[in-house]
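Report on the structure given below.
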Amino acid sequence: MKINIVGRNVEVTEELRNLFDKKLAKFDKFFRDDAVAHITLSKKRNLEMFELTISSGGTLYRSEEGNTTFNNALDNAIAAIERQIRKNKTRLEKRLREGAFIKDVATSAATYVAPEPVIEEDPEYQIRIKTFSMKPMSPDEAILQMNLLGHEFFVFENDVTGMVNVVYKRKDNNYGMIVPEKK
């Protein structure tokens, strides 16, 4: 697995790089060789924030954790991704490496969204722009991706209609889908 590390106002030491390599090596049995882990380190108030996104086979796994040290935040992020894998094991088996689930451990996937700079239009608010590639998928697959990312909604291209749709989680724990009307 290739690991990309970005430090935002944080120095990424060789010791941290070695720690991340060692701890993330446990995921090698789940992912193909083309898997990429994106790590972003930052500080917010008194917390050290650790964001981990693993991209493999068009599926993204994402966790963002804050703790007193990056080491503790890393452990929490790894546990969160392992939970995503276990929760979605049957859906993900066909996307991950063969034989990865022999010991009843799974991995979850999500699509990596590259962080974009914050654009200040007005001093009263900020607009954050995210770009991502869309591949055609079914609403069920979009819901899976949304849950893996931990988001409340997910924008996708419907594989049947070819139109851009949005799935979202409702307050009653069901799902909704927004479909544009053709004129």
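Residue numbering restarts at 1 for every chain of the structure tokens, chains are lettered A, B, ... in their displayed order, and ligands are numbered from 1 as they appear.
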**OP:** Write out as a list in words the residues lying within 10 Å of Leu74 in chain A, counting only C-alpha atoms and excluding same-chain residues fewer than 5 positions away.
**Re:**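 Once the nearby chain positions are removed, what remains is Leu19, Phe20, Lys23, Leu24, Ile39, Met49, Phe50, Glu51, Leu52, Ser63, Glu64, Glu65, Gly66, Asn67, Thr69, Ala79 and Ala80 of chain A.
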**OP:** Write out as an MDAnalysis selection string the residues lying within 9 Å of range 176-183 of chain A, counting only C-alpha atoms and excluding same-chain residues fewer than 4 positions away.
**Re:** chainID A and resid 139 163:170
Original post:
Which is closest to Leu144 in chain A among A:Tyr61, A:Val36, A:Asp172, A:Asp21, if we use only C-alpha atoms?
Top reply: A:Tyr61
**OP:** Using DSSP on the backbone coordinates, identify all residues within range 21-54 of chain A classified as helix (DSSP H, G or I); present the result as a PyMOL selection string.
**Re:** chain A and resi 21-29
Resulting file, chosen residues, all heavy atoms, as a PDB file, in the first residue's frame:
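Saved the output as again-v8.pdb:
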ATOM      1  N   ASP A  21       3.593   3.605   8.627  1.00  0.00           N
ATOM      2  CA  ASP A  21       3.893   2.445   7.779  1.00  0.00           C
ATOM      3  C   ASP A  21       3.650   1.148   8.534  1.00  0.00           C
ATOM      4  O   ASP A  21       3.042   0.211   8.006  1.00  0.00           O
ATOM      5  CB  ASP A  21       5.351   2.487   7.306  1.00  0.00           C
ATOM      6  CG  ASP A  21       5.595   3.524   6.225  1.00  0.00           C
ATOM      7  OD1 ASP A  21       4.618   3.956   5.577  1.00  0.00           O
ATOM      8  OD2 ASP A  21       6.767   3.910   6.034  1.00  0.00           O
ATOM      9  N   LYS A  22       4.133   1.098   9.772  1.00  0.00           N
ATOM     10  CA  LYS A  22       4.013  -0.122  10.578  1.00  0.00           C
ATOM     11  C   LYS A  22       2.551  -0.445  10.895  1.00  0.00           C
ATOM     12  O   LYS A  22       2.101  -1.573  10.730  1.00  0.00           O
ATOM     13  CB  LYS A  22       4.806   0.053  11.874  1.00  0.00           C
ATOM     14  CG  LYS A  22       4.762  -1.128  12.793  1.00  0.00           C
ATOM     15  CD  LYS A  22       5.541  -0.862  14.068  1.00  0.00           C
ATOM     16  CE  LYS A  22       5.378  -2.004  15.056  1.00  0.00           C
ATOM     17  NZ  LYS A  22       5.995  -1.701  16.341  1.00  0.00           N
ATOM     18  N   LYS A  23       1.786   0.565  11.343  1.00  0.00           N
ATOM     19  CA  LYS A  23       0.399   0.325  11.760  1.00  0.00           C
ATOM     20  C   LYS A  23      -0.517   0.024  10.571  1.00  0.00           C
ATOM     21  O   LYS A  23      -1.446  -0.770  10.697  1.00  0.00           O
ATOM     22  CB  LYS A  23      -0.142   1.533  12.521  1.00  0.00           C
ATOM     23  CG  LYS A  23       0.574   1.795  13.827  1.00  0.00           C
ATOM     24  CD  LYS A  23      -0.191   1.268  14.977  1.00  0.00           C
ATOM     25  CE  LYS A  23       0.509   1.620  16.280  1.00  0.00           C
ATOM     26  NZ  LYS A  23      -0.364   1.593  17.402  1.00  0.00           N
ATOM     27  N   LEU A  24      -0.269   0.665   9.421  1.00  0.00           N
ATOM     28  CA  LEU A  24      -1.131   0.446   8.259  1.00  0.00           C
ATOM     29  C   LEU A  24      -0.789  -0.826   7.495  1.00  0.00           C
ATOM     30  O   LEU A  24      -1.552  -1.249   6.630  1.00  0.00           O
ATOM     31  CB  LEU A  24      -1.087   1.655   7.325  1.00  0.00           C
ATOM     32  CG  LEU A  24      -1.688   2.939   7.894  1.00  0.00           C
ATOM     33  CD1 LEU A  24      -1.545   4.078   6.910  1.00  0.00           C
ATOM     34  CD2 LEU A  24      -3.142   2.744   8.278  1.00  0.00           C
ATOM     35  N   ALA A  25       0.338  -1.444   7.814  1.00  0.00           N
ATOM     36  CA  ALA A  25       0.728  -2.689   7.145  1.00  0.00           C
ATOM     37  C   ALA A  25      -0.292  -3.801   7.393  1.00  0.00           C
ATOM     38  O   ALA A  25      -0.429  -4.710   6.578  1.00  0.00           O
ATOM     39  CB  ALA A  25       2.112  -3.120   7.616  1.00  0.00           C
ATOM     40  N   LYS A  26      -1.046  -3.707   8.485  1.00  0.00           N
ATOM     41  CA  LYS A  26      -2.050  -4.737   8.785  1.00  0.00           C
ATOM     42  C   LYS A  26      -3.160  -4.768   7.741  1.00  0.00           C
ATOM     43  O   LYS A  26      -3.854  -5.770   7.586  1.00  0.00           O
ATOM     44  CB  LYS A  26      -2.616  -4.540  10.179  1.00  0.00           C
ATOM     45  CG  LYS A  26      -3.531  -3.336  10.326  1.00  0.00           C
ATOM     46  CD  LYS A  26      -3.971  -3.062  11.739  1.00  0.00           C
ATOM     47  CE  LYS A  26      -4.778  -4.169  12.312  1.00  0.00           C
ATOM     48  NZ  LYS A  26      -5.237  -3.937  13.668  1.00  0.00           N
ATOM     49  N   PHE A  27      -3.354  -3.662   6.988  1.00  0.00           N
ATOM     50  CA  PHE A  27      -4.399  -3.612   5.964  1.00  0.00           C
ATOM     51  C   PHE A  27      -3.942  -4.201   4.631  1.00  0.00           C
ATOM     52  O   PHE A  27      -4.760  -4.369   3.730  1.00  0.00           O
ATOM     53  CB  PHE A  27      -4.873  -2.168   5.741  1.00  0.00           C
ATOM     54  CG  PHE A  27      -5.690  -1.625   6.873  1.00  0.00           C
ATOM     55  CD1 PHE A  27      -5.327  -0.447   7.495  1.00  0.00           C
ATOM     56  CD2 PHE A  27      -6.826  -2.283   7.317  1.00  0.00           C
ATOM     57  CE1 PHE A  27      -6.077   0.071   8.533  1.00  0.00           C
ATOM     58  CE2 PHE A  27      -7.573  -1.784   8.356  1.00  0.00           C
ATOM     59  CZ  PHE A  27      -7.209  -0.607   8.964  1.00  0.00           C
ATOM     60  N   ASP A  28      -2.663  -4.526   4.477  1.00  0.00           N
ATOM     61  CA  ASP A  28      -2.155  -5.063   3.219  1.00  0.00           C
ATOM     62  C   ASP A  28      -2.839  -6.367   2.827  1.00  0.00           C
ATOM     63  O   ASP A  28      -2.997  -6.653   1.651  1.00  0.00           O
ATOM     64  CB  ASP A  28      -0.644  -5.279   3.288  1.00  0.00           C
ATOM     65  CG  ASP A  28       0.128  -3.974   3.221  1.00  0.00           C
ATOM     66  OD1 ASP A  28      -0.450  -2.962   2.778  1.00  0.00           O
ATOM     67  OD2 ASP A  28       1.312  -3.969   3.625  1.00  0.00           O
ATOM     68  N   LYS A  29      -3.274  -7.147   3.813  1.00  0.00           N
ATOM     69  CA  LYS A  29      -3.917  -8.417   3.493  1.00  0.00           C
ATOM     70  C   LYS A  29      -5.317  -8.223   2.905  1.00  0.00           C
ATOM     71  O   LYS A  29      -5.848  -9.118   2.258  1.00  0.00           O
ATOM     72  CB  LYS A  29      -3.980  -9.320   4.724  1.00  0.00           C
ATOM     73  CG  LYS A  29      -4.825  -8.782   5.851  1.00  0.00           C
ATOM     74  CD  LYS A  29      -4.745  -9.689   7.058  1.00  0.00           C
ATOM     75  CE  LYS A  29      -5.482  -9.071   8.234  1.00  0.00           C
ATOM     76  NZ  LYS A  29      -5.314  -9.846   9.438  1.00  0.00           N
TER      77      LYS A  29
END
Subject >> For CA of Glu157 in chain A and CA of Asn173 in chain A, the interatomic separation in Å (one decimal) >> reply: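 One can read the CA of Glu157 in chain A to CA of Asn173 in chain A distance as 23.0 Å.
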**OP:** Using only C-alpha atoms, find the one residue out of A:Arg62, A:Lys43, A:Lys87, A:Arg17 that sits nearest to Gly150 in chain A.
**Re:**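 Using only C-alpha atoms, the shortest distance to Gly150 in chain A belongs to A:Arg62.
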Original post:
Nearest to Arg86 in chain A among A:Val155, A:Met1, A:Leu148, A:Gly7, with distances taken over only C-alpha atoms: which residue is it?
Top reply: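 Smallest distance to Arg86 in chain A is found for A:Leu148.
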Subject >> Coordinates-based distance that separates CA of Glu141 in chain A from CA of Thr40 in chain A (Å, one decimal) >> reply: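 About the pair CA of Thr40 in chain A and CA of Glu141 in chain A: they are 26.4 Å apart.
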**OP:** Between CA of Asn9 in chain A and CA of Ser133 in chain A, measure the distance and give it in Å to one decimal.
**Re:**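 Distance reported for this atom pair: 28.0 Å.
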